[in-house]
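Enquirer: Got coords.csv for you, CSV, C-alpha atoms:
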chain,number,residue,atom,x,y,z
V,1362,MET,CA,65.5,97.7,69.4
V,1363,GLY,CA,66.3,100.8,67.3
V,1364,THR,CA,62.7,102.1,67.5
V,1365,ARG,CA,63.7,105.5,66.2
V,1366,LEU,CA,65.0,103.9,63.0
V,1367,ARG,CA,61.9,101.9,62.3
V,1368,PRO,CA,60.8,100.5,59.9
V,1369,LEU,CA,64.4,99.7,58.9
V,1370,THR,CA,65.0,98.0,62.2
V,1371,TYR,CA,62.0,95.7,61.9
V,1372,GLU,CA,64.2,93.7,59.5
V,1373,MET,CA,67.7,94.1,61.0
V,1374,PRO,CA,69.3,95.4,64.2
V,1375,LYS,CA,70.4,99.0,63.9
V,1376,GLN,CA,74.1,98.1,64.4
V,1377,MET,CA,73.9,96.0,61.2
V,1378,LEU,CA,72.5,98.8,59.1
V,1379,PRO,CA,74.9,99.6,56.3
V,1380,LEU,CA,77.2,102.7,56.5
V,1381,VAL,CA,78.3,103.3,52.9
V,1382,GLY,CA,77.9,99.6,52.2
V,1383,VAL,CA,79.5,98.2,55.4
V,1384,PRO,CA,77.5,97.2,58.5
V,1385,MET,CA,77.9,99.8,61.1
V,1386,ILE,CA,79.2,97.3,63.7
V,1387,GLU,CA,82.3,96.7,61.4
V,1388,CYS,CA,83.2,100.4,61.6
V,1389,VAL,CA,83.1,100.2,65.4
V,1390,PHE,CA,85.4,97.1,65.3
V,1391,GLU,CA,87.8,98.7,62.9
V,1392,MET,CA,88.3,101.6,65.4
V,1393,LEU,CA,88.8,99.1,68.3
V,1394,ALA,CA,91.4,97.1,66.2
V,1395,LYS,CA,93.5,100.2,65.7
V,1396,HIS,CA,93.8,100.4,69.5
V,1397,ASP,CA,95.0,96.8,69.8
V,1398,VAL,CA,91.7,95.4,71.0
V,1399,THR,CA,91.9,91.7,70.3
V,1400,GLU,CA,88.7,90.2,71.8
V,1401,VAL,CA,85.2,91.6,72.0
V,1402,VAL,CA,82.0,90.2,73.5
V,1403,LEU,CA,78.8,91.3,71.7
V,1404,SER,CA,76.0,91.8,74.2
V,1405,LEU,CA,72.9,90.8,72.2
V,1406,GLY,CA,69.2,90.9,72.8
V,1407,TYR,CA,67.3,92.1,69.7
V,1408,LEU,CA,67.6,89.9,66.5
V,1409,PRO,CA,70.8,88.2,67.7
V,1410,ASP,CA,70.9,85.8,64.8
V,1411,HIS,CA,71.7,88.6,62.3
V,1412,PHE,CA,75.1,89.0,63.9
V,1413,ILE,CA,75.8,85.3,64.4
V,1414,LYS,CA,74.9,84.5,60.7
V,1415,ALA,CA,76.9,87.5,59.4
V,1416,TYR,CA,80.1,86.6,61.1
V,1417,PRO,CA,80.2,82.8,61.2
V,1418,ASP,CA,84.0,82.6,61.6
V,1419,GLY,CA,83.9,84.5,64.9
V,1420,SER,CA,85.8,87.6,64.0
V,1421,ILE,CA,85.2,91.1,62.7
V,1422,ALA,CA,88.1,93.3,61.4
V,1423,GLY,CA,90.5,90.7,62.8
V,1424,VAL,CA,89.1,91.0,66.3
V,1425,LYS,CA,87.9,87.7,67.9
V,1426,ILE,CA,84.2,87.9,68.9
V,1427,SER,CA,81.8,85.9,71.1
V,1428,TYR,CA,78.1,86.4,71.7
V,1429,ALA,CA,76.3,86.9,75.0
V,1430,VAL,CA,72.6,86.7,74.2
V,1431,GLU,CA,70.4,88.0,77.0
V,1432,PRO,CA,67.4,85.8,77.9
V,1433,GLU,CA,65.5,89.1,78.6
V,1434,PRO,CA,66.4,92.8,78.3
V,1435,LEU,CA,68.7,93.7,81.3
V,1436,ASP,CA,69.2,97.4,80.5
V,1437,THR,CA,72.7,99.0,80.1
V,1438,ALA,CA,74.4,97.9,83.3
V,1439,GLY,CA,72.7,94.5,83.4
V,1440,ALA,CA,73.9,93.8,79.9
V,1441,ILE,CA,77.4,94.8,80.9
V,1442,ARG,CA,77.4,92.4,83.9
V,1443,PHE,CA,75.8,89.6,81.8
V,1444,ALA,CA,78.4,89.9,79.0
V,1445,ALA,CA,81.4,90.3,81.4
V,1446,GLU,CA,80.4,87.2,83.4
V,1447,PHE,CA,79.8,85.2,80.1
V,1448,ALA,CA,83.3,86.1,79.0
V,1449,GLY,CA,84.9,85.6,82.4
V,1450,ILE,CA,86.4,89.1,82.6
V,1451,ASP,CA,88.7,89.6,85.5
V,1452,ASP,CA,90.8,92.6,84.3
V,1453,THR,CA,90.3,96.2,83.2
V,1454,PHE,CA,87.9,96.2,80.2
V,1455,LEU,CA,86.2,98.5,77.7
V,1456,VAL,CA,82.5,99.1,77.1
V,1457,VAL,CA,81.4,100.7,73.8
V,1458,ASN,CA,78.1,101.4,72.2
V,1459,GLY,CA,77.6,99.6,68.9
V,1460,ASP,CA,75.7,102.5,67.3
V,1461,VAL,CA,78.1,105.3,68.1
V,1462,LEU,CA,80.8,106.3,65.5
V,1463,THR,CA,83.9,107.9,66.8
V,1464,ASP,CA,87.6,108.2,66.3
V,1465,LEU,CA,88.2,108.6,70.0
V,1466,ASP,CA,91.7,107.9,71.2
V,1467,VAL,CA,90.8,104.8,73.2
V,1468,THR,CA,94.4,104.2,74.1
V,1469,ALA,CA,94.6,107.6,75.8
V,1470,LEU,CA,91.4,107.0,77.6
V,1471,VAL,CA,92.8,103.8,79.1
V,1472,GLU,CA,96.0,105.5,80.1
V,1473,PHE,CA,94.0,108.3,81.8
V,1474,HIS,CA,91.9,105.7,83.7
V,1475,ARG,CA,95.0,103.9,85.0
V,1476,ALA,CA,96.8,107.1,85.9
V,1477,ALA,CA,93.8,108.3,87.9
V,1478,GLY,CA,93.4,105.0,89.7
V,1479,ALA,CA,89.8,105.1,88.7
V,1480,GLU,CA,87.2,102.3,89.1
V,1481,GLY,CA,85.4,103.6,86.1
V,1482,THR,CA,86.1,106.2,83.4
V,1483,ILE,CA,83.8,107.8,80.9
V,1484,ALA,CA,84.7,109.4,77.6
V,1485,LEU,CA,83.1,112.8,77.3
V,1486,HIS,CA,82.0,114.8,74.2
V,1487,PRO,CA,80.7,118.4,73.9
V,1488,VAL,CA,77.3,118.8,72.2
V,1489,GLU,CA,75.1,121.8,71.5
V,1490,ASP,CA,72.0,120.3,73.1
V,1491,PRO,CA,72.8,117.9,76.0
V,1492,SER,CA,69.2,117.1,76.9
V,1493,ARG,CA,69.2,113.8,75.0
V,1494,TYR,CA,72.2,112.5,76.9
V,1495,GLY,CA,73.8,111.9,80.2
V,1496,VAL,CA,75.6,115.1,81.4
V,1497,VAL,CA,78.8,114.7,83.3
V,1498,VAL,CA,80.3,117.2,85.7
V,1499,THR,CA,83.9,116.9,86.8
V,1500,ASP,CA,86.5,118.6,89.0
V,1501,ASP,CA,89.8,119.8,87.6
V,1502,HIS,CA,91.3,116.3,88.0
V,1503,GLY,CA,88.6,114.6,86.0
V,1504,ARG,CA,86.8,113.1,89.0
V,1505,VAL,CA,83.1,113.0,88.4
V,1506,SER,CA,81.1,115.1,90.9
V,1507,ALA,CA,77.6,114.6,89.3
V,1508,PHE,CA,76.1,112.4,86.6
V,1509,ILE,CA,72.7,113.8,85.4
V,1510,GLU,CA,70.8,111.7,82.9
V,1511,LYS,CA,69.0,113.7,80.2
V,1512,PRO,CA,68.4,117.0,82.0
V,1513,PRO,CA,66.3,119.8,80.4
V,1514,ARG,CA,68.5,121.9,78.1
V,1515,GLU,CA,68.2,125.0,80.2
V,1516,GLU,CA,69.1,123.2,83.4
V,1517,ALA,CA,72.2,121.3,82.1
V,1518,PRO,CA,75.3,122.4,84.1
V,1519,THR,CA,77.6,121.5,81.2
V,1520,ASN,CA,77.5,120.5,77.6
V,1521,LEU,CA,79.8,117.6,78.2
V,1522,ILE,CA,77.9,114.3,77.7
V,1523,ASN,CA,78.5,110.7,78.2
V,1524,ALA,CA,79.9,109.6,74.8
V,1525,GLY,CA,79.2,105.9,75.3
V,1526,THR,CA,82.8,104.6,75.8
V,1527,TYR,CA,83.8,103.4,79.2
V,1528,VAL,CA,86.9,101.9,80.9
V,1529,LEU,CA,85.8,99.8,83.9
V,1530,GLU,CA,87.5,97.7,86.6
V,1531,PRO,CA,86.0,94.2,87.4
V,1532,SER,CA,85.0,95.6,90.8
V,1533,VAL,CA,82.2,97.5,89.0
V,1534,LEU,CA,80.5,94.3,88.2
V,1535,ALA,CA,79.8,93.5,91.9
V,1536,ARG,CA,77.9,96.8,92.1
V,1537,ILE,CA,75.4,95.6,89.5
V,1538,ASP,CA,72.6,93.4,90.7
V,1539,SER,CA,72.2,90.2,88.7
V,1540,GLY,CA,68.9,89.0,87.3
V,1541,ARG,CA,67.2,92.4,86.9
V,1542,LYS,CA,67.3,95.5,84.7
V,1543,VAL,CA,69.9,97.9,85.9
V,1544,SER,CA,70.9,101.2,84.2
V,1545,VAL,CA,74.5,102.1,84.2
V,1546,GLU,CA,73.6,105.8,83.7
V,1547,ARG,CA,71.0,106.0,86.4
V,1548,GLU,CA,72.3,103.6,89.0
V,1549,THR,CA,75.9,102.4,88.6
V,1550,PHE,CA,77.6,105.6,87.6
V,1551,PRO,CA,75.9,107.8,90.2
V,1552,ALA,CA,77.0,105.2,92.9
V,1553,LEU,CA,80.6,105.3,91.6
V,1554,ALA,CA,80.5,109.1,91.6
V,1555,ALA,CA,79.2,109.2,95.2
V,1556,ASP,CA,82.2,107.0,96.2
V,1557,GLY,CA,84.7,109.3,94.3
V,1558,THR,CA,85.9,106.5,92.0
V,1559,LEU,CA,84.4,107.6,88.8
V,1560,TYR,CA,86.4,109.8,86.4
V,1561,ALA,CA,85.8,111.2,82.9
V,1562,MET,CA,88.0,112.5,80.1
V,1563,ALA,CA,86.8,115.1,77.5
V,1564,ASP,CA,87.9,114.7,73.9
V,1565,ASP,CA,87.1,116.7,70.8
V,1566,ALA,CA,87.2,113.5,68.6
V,1567,TYR,CA,84.6,112.9,65.9
V,1568,TRP,CA,81.5,111.5,67.5
V,1569,LEU,CA,78.0,110.7,66.2
V,1570,ASP,CA,75.1,108.8,67.8
V,1571,THR,CA,73.5,107.2,64.7
V,1572,GLY,CA,70.2,106.3,66.4
V,1573,THR,CA,67.8,108.6,64.4
V,1574,PRO,CA,67.2,108.8,60.7
V,1575,ALA,CA,68.8,112.3,60.6
V,1576,THR,CA,72.0,111.1,62.3
V,1577,PHE,CA,72.2,107.9,60.4
V,1578,LEU,CA,72.0,109.9,57.2
V,1579,GLN,CA,74.7,112.3,58.5
V,1580,ALA,CA,76.9,109.4,59.4
V,1581,ASN,CA,76.8,108.3,55.7
V,1582,VAL,CA,77.4,111.8,54.5
V,1583,ASP,CA,80.4,112.2,56.9
V,1584,VAL,CA,82.0,109.0,55.5
V,1585,LEU,CA,81.4,110.2,51.9
V,1586,ASN,CA,83.1,113.5,52.7
V,1587,GLY,CA,86.0,112.0,54.7
V,1588,ARG,CA,84.9,113.6,58.0
V,1589,ASP,CA,85.1,110.3,59.9
V,1590,SER,CA,88.8,109.6,59.9
V,1591,GLU,CA,88.2,106.0,60.9
V,1592,ARG,CA,86.5,105.2,57.6
V,1593,MET,CA,87.8,106.4,54.3
V,1594,VAL,CA,86.1,105.5,51.0
V,1595,THR,CA,88.2,105.8,47.9
V,1596,ASP,CA,86.0,104.6,45.1
V,1597,LEU,CA,83.8,107.7,45.0
V,1598,VAL,CA,82.1,109.6,42.1
V,1599,GLY,CA,82.1,113.1,43.5
V,1600,THR,CA,80.4,112.6,46.9
V,1601,THR,CA,78.5,109.5,45.8
V,1602,TRP,CA,79.3,105.9,46.4
V,1603,ARG,CA,77.9,103.2,44.0
V,1604,HIS,CA,78.3,99.5,44.5
V,1605,ALA,CA,79.8,97.8,41.5
V,1606,THR,CA,76.6,95.8,41.0
V,1607,SER,CA,74.3,98.8,41.0
V,1608,ARG,CA,72.9,100.4,37.8
V,1609,VAL,CA,72.6,104.2,37.6
V,1610,ALA,CA,71.3,106.1,34.5
V,1611,ALA,CA,73.6,108.6,33.1
V,1612,SER,CA,71.0,111.4,33.4
V,1613,ALA,CA,70.6,110.8,37.2
V,1614,GLN,CA,71.8,113.6,39.5
V,1615,LEU,CA,73.4,112.3,42.7
V,1616,ASP,CA,74.9,114.3,45.5
V,1617,ASN,CA,76.0,112.8,48.9
V,1618,ALA,CA,74.3,109.6,47.9
V,1619,VAL,CA,74.9,105.9,48.7
V,1620,VAL,CA,73.7,103.4,46.1
V,1621,ASP,CA,74.3,99.9,47.5
V,1622,ARG,CA,74.5,96.6,45.8
V,1623,ASP,CA,71.9,95.6,43.2
V,1624,CYS,CA,70.2,99.0,43.3
V,1625,VAL,CA,68.7,100.5,40.1
V,1626,VAL,CA,68.4,104.2,39.5
V,1627,GLY,CA,66.4,105.4,36.5
V,1628,GLU,CA,66.5,108.4,34.2
V,1629,ASN,CA,66.3,112.0,35.4
V,1630,VAL,CA,66.4,110.9,39.1
V,1631,VAL,CA,67.6,113.3,41.8
V,1632,LEU,CA,69.1,111.8,44.9
V,1633,ASP,CA,70.4,114.4,47.4
V,1634,LYS,CA,71.6,113.1,50.8
V,1635,VAL,CA,70.0,109.7,50.2
V,1636,VAL,CA,70.9,106.1,51.2
V,1637,LEU,CA,69.6,103.4,48.9
V,1638,MET,CA,70.0,100.0,50.7
V,1639,PRO,CA,70.6,96.8,48.8
V,1640,GLY,CA,68.2,96.0,46.0
V,1641,ALA,CA,66.3,99.3,46.1
V,1642,VAL,CA,64.8,100.4,42.8
V,1643,VAL,CA,64.1,104.1,41.9
V,1644,HIS,CA,62.1,104.6,38.7
V,1645,ASP,CA,62.4,107.5,36.3
V,1646,ASN,CA,61.9,111.2,37.2
V,1647,VAL,CA,61.9,110.6,41.0
V,1648,GLN,CA,63.2,113.2,43.4
V,1649,ILE,CA,64.4,112.0,46.8
V,1650,ARG,CA,66.1,114.3,49.4
V,1651,SER,CA,67.4,113.5,52.9
V,1652,SER,CA,65.8,110.1,53.0
V,1653,ILE,CA,66.6,106.4,53.5
V,1654,ILE,CA,65.2,103.8,51.1
V,1655,GLY,CA,65.2,100.3,52.6
V,1656,PRO,CA,66.3,97.0,51.1
V,1657,ARG,CA,64.4,96.0,48.0
V,1658,ALA,CA,62.0,98.9,48.2
V,1659,VAL,CA,60.6,100.3,44.9
V,1660,ILE,CA,60.0,104.0,44.3
V,1661,GLY,CA,57.4,104.6,41.5
V,1662,ALA,CA,58.1,107.0,38.7
V,1663,ALA,CA,57.8,110.8,39.3
V,1664,ALA,CA,57.5,110.3,43.1
V,1665,VAL,CA,58.8,113.0,45.4
V,1666,LEU,CA,60.2,112.0,48.8
V,1667,GLY,CA,61.7,114.0,51.8
V,1668,PRO,CA,63.0,115.4,53.7
V,1669,THR,CA,62.8,113.2,55.8
V,1670,CYS,CA,61.4,109.8,54.7
V,1671,VAL,CA,62.3,106.3,55.8
V,1672,VAL,CA,61.0,103.6,53.5
V,1673,GLY,CA,61.0,100.1,54.9
V,1674,ALA,CA,62.1,96.9,53.3
V,1675,GLU,CA,60.2,95.8,50.2
V,1676,VAL,CA,57.8,98.8,50.4
V,1677,SER,CA,56.4,100.0,47.0
V,1678,VAL,CA,55.8,103.7,46.8
V,1679,LEU,CA,53.2,104.5,44.2
V,1680,GLU,CA,53.9,106.4,41.0
V,1681,GLY,CA,53.5,110.2,41.5
V,1682,SER,CA,53.4,110.0,45.3
V,1683,ASN,CA,54.6,113.0,47.3
V,1684,TYR,CA,55.8,112.6,50.9
V,1685,SER,CA,57.7,115.1,53.1
V,1686,GLY,CA,58.3,115.6,56.8
V,1687,ASP,CA,59.2,112.8,59.2
V,1688,VAL,CA,57.4,110.0,57.3
V,1689,GLN,CA,57.9,106.3,57.9
V,1690,LEU,CA,56.6,104.0,55.1
V,1691,SER,CA,56.2,100.3,55.9
V,1692,VAL,CA,54.4,97.3,54.6
Can you dump the structure from the file as structure tokens?
Expert:
Amino acid sequence: MGTRLRPLTYEMPKQMLPLVGVPMIECVFEMLAKHDVTEVVLSLGYLPDHFIKAYPDGSIAGVKISYAVEPEPLDTAGAIRFAAEFAGIDDTFLVVNGDVLTDLDVTALVEFHRAAGAEGTIALHPVEDPSRYGVVVTDDHGRVSAFIEKPPREEAPTNLINAGTYVLEPSVLARIDSGRKVSVERETFPALAADGTLYAMADDAYWLDTGTPATFLQANVDVLNGRDSERMVTDLVGTTWRHATSRVAASAQLDNAVVDRDCVVGENVVLDKVVLMPGAVVHDNVQIRSSIIGPRAVIGAAAVLGPTCVVGAEVSVLEGSNYSGDVQLSV
């Protein structure tokens, strides 16, 4: 449900939030298409109609899509089984998170999985603080010896974490109970590891979990600066992207900023590491830093925001307002 990105996710699911003007889910599909993925099942629960209406022709980035809408939340493993059964999967398949940006070599991951004779394989990524993630311990051959979900930082045996991309055999589905919530991280993977059939491959690819305001902003900045090799933006003004329908005053100072369609930016405005979503209006003499301004929001003249503010859809921030810290502004 994207609770950490509220109030933006009250209006749309987080995977549909725009990343430099393009819904995040499309960036994920573009990566998959480069590795010859031709068919994807979207496992949906929260606000499913947003996806269905956005892609009525049943494809994203040339990849065929279908929708498995959960009748109730089934957690990570339950969702995998539900979607796989919906699609009639009977061969090796991929599972990816729709809110993780990466240029992982998926082809190499599949090859590693098959060479190891694994039942399941996890892509790993090194992080500075593994306490927010599932930590994965392997032997010299990549066989997983322990899967520890969100350990305290000082107790983590490694900084290699579950990066949210898996290669699985259909036999894994039989390990997941139907009709109840099942966590792949807390139940399914530990069971596979205990049987010696779970493997993992570390990779130093670009990787970013976009689930917080700070990381969502960083994802946009990374695209603006070409750090995400899967998504290159060419029509930049410095490190700023402006949609052709936006209007930006000549006196505005923009750095690492995204100005989406139908936005208006007034005189003497400062935008530093800011995402303006479609239809946002920023009046004269406003300063905004490290913040996200939701669709059709209006920022009154001489207001000062951030870091780090998240302004919801259609919210009006009063003239001369001053907000800083982790502030969420909603209707």
Enquirer: Select all residues near (72.8, 115.7, 41.7) (cut-off 8 Å, inclusive, file coordinates), counting only C-alpha atoms, and output them as a VMD selection string.
Expert: chain V and resid 1613 to 1616 1631 to 1633
Enquirer: Compile the contact shell of V:Gly1406 as a list of chain:residue names: residues with an atom at most 10 Å away, counting only C-alpha atoms, same-chain residues fewer than 3 positions apart removed.
Expert: V:Met1362, V:Pro1374, V:Leu1403, V:Pro1409, V:Asp1410, V:Ala1429, V:Val1430, V:Glu1431, V:Pro1432, V:Glu1433, V:Pro1434, V:Leu1435, V:Ala1440
Enquirer: Could you check which of V:Asp1501, V:Asp1596, V:Asp1452, V:Asp1490 is closest to V:Leu1529, using only C-alpha atoms?
Expert: V:Asp1452
Enquirer: Once you count all atoms listed in the file, which residues end up no further than 10 Å from (65.5, 114.2, 49.4) in the file's frame, shown as a list in words?
Expert: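 In the file's frame, the residues around the point are Val1631, Leu1632, Asp1633, Lys1634, Val1635, Val1636, Val1647, Gln1648, Ile1649, Arg1650, Ser1651, Ser1652, Ile1653, Val1665, Leu1666, Gly1667, Pro1668, Thr1669, Cys1670, Tyr1684 and Ser1685 of chain V.
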Enquirer: Go through V:Leu1690, V:Met1385, V:Leu1366, V:Ile1413 and flag the residue nearest V:Val1584, using only C-alpha atoms for the distances.
Expert: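 Checking each candidate against V:Val1584, we get V:Met1385 as the closest.
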Enquirer: For V:Lys1395, list every protein, DNA or RNA residue within 10 Å, evaluated using all atoms listed in the file, and leave out those in the same chain fewer than 3 positions away; present the list as a ChimeraX atom specification.
Expert: /V:1390-1392,1398-1399,1422,1464,1466-1468,1591
Enquirer: Given the choices V:Gly1382, V:Gly1627, V:Pro1531, V:Gly1681, which gets closest to V:Ala1445 if the distance is worked out from all atoms listed in the file?
Expert: V:Pro1531
Enquirer: Residues within 10 Å of stretch 1539-1556 of chain V, please, as a PyMOL selection string. Count only C-alpha atoms; anything in the same chain fewer than 3 positions from it doesn't count.
Expert: chain V and resi 1433-1443+1479-1483+1494-1496+1499+1504-1511+1523+1533-1536+1559-1560
Enquirer: Could you check the closest approach to V:Thr1558 for each of V:Lys1375, V:His1486, V:Lys1425, V:His1502 and tell me which residue wins, using all atoms listed in the file?
Expert: V:His1502
Enquirer: Looking at only C-alpha atoms, which of V:Gly1673, V:Ala1580, V:Asn1646, V:Pro1639 is the one that sits closest to V:Ser1612?
Expert: V:Asn1646
Enquirer: Got a sec: who's within 8 Å of V:Leu1585, counting only C-alpha atoms, leaving out chain neighbours fewer than 3 positions off, as a VMD selection string?
Expert: chain V and resid 1381 1581 to 1582 1588 1593 to 1594 1597 1600 to 1602 1617
Enquirer: Output C-alpha atoms of each residue in that selection to a file, as a CSV table (one decimal), in the coordinates of the input.
Expert:
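Writing done, so here's again.csv:
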chain,number,residue,atom,x,y,z
V,1381,VAL,CA,78.3,103.3,52.9
V,1581,ASN,CA,76.8,108.3,55.7
V,1582,VAL,CA,77.4,111.8,54.5
V,1588,ARG,CA,84.9,113.6,58.0
V,1593,MET,CA,87.8,106.4,54.3
V,1594,VAL,CA,86.1,105.5,51.0
V,1597,LEU,CA,83.8,107.7,45.0
V,1600,THR,CA,80.4,112.6,46.9
V,1601,THR,CA,78.5,109.5,45.8
V,1602,TRP,CA,79.3,105.9,46.4
V,1617,ASN,CA,76.0,112.8,48.9
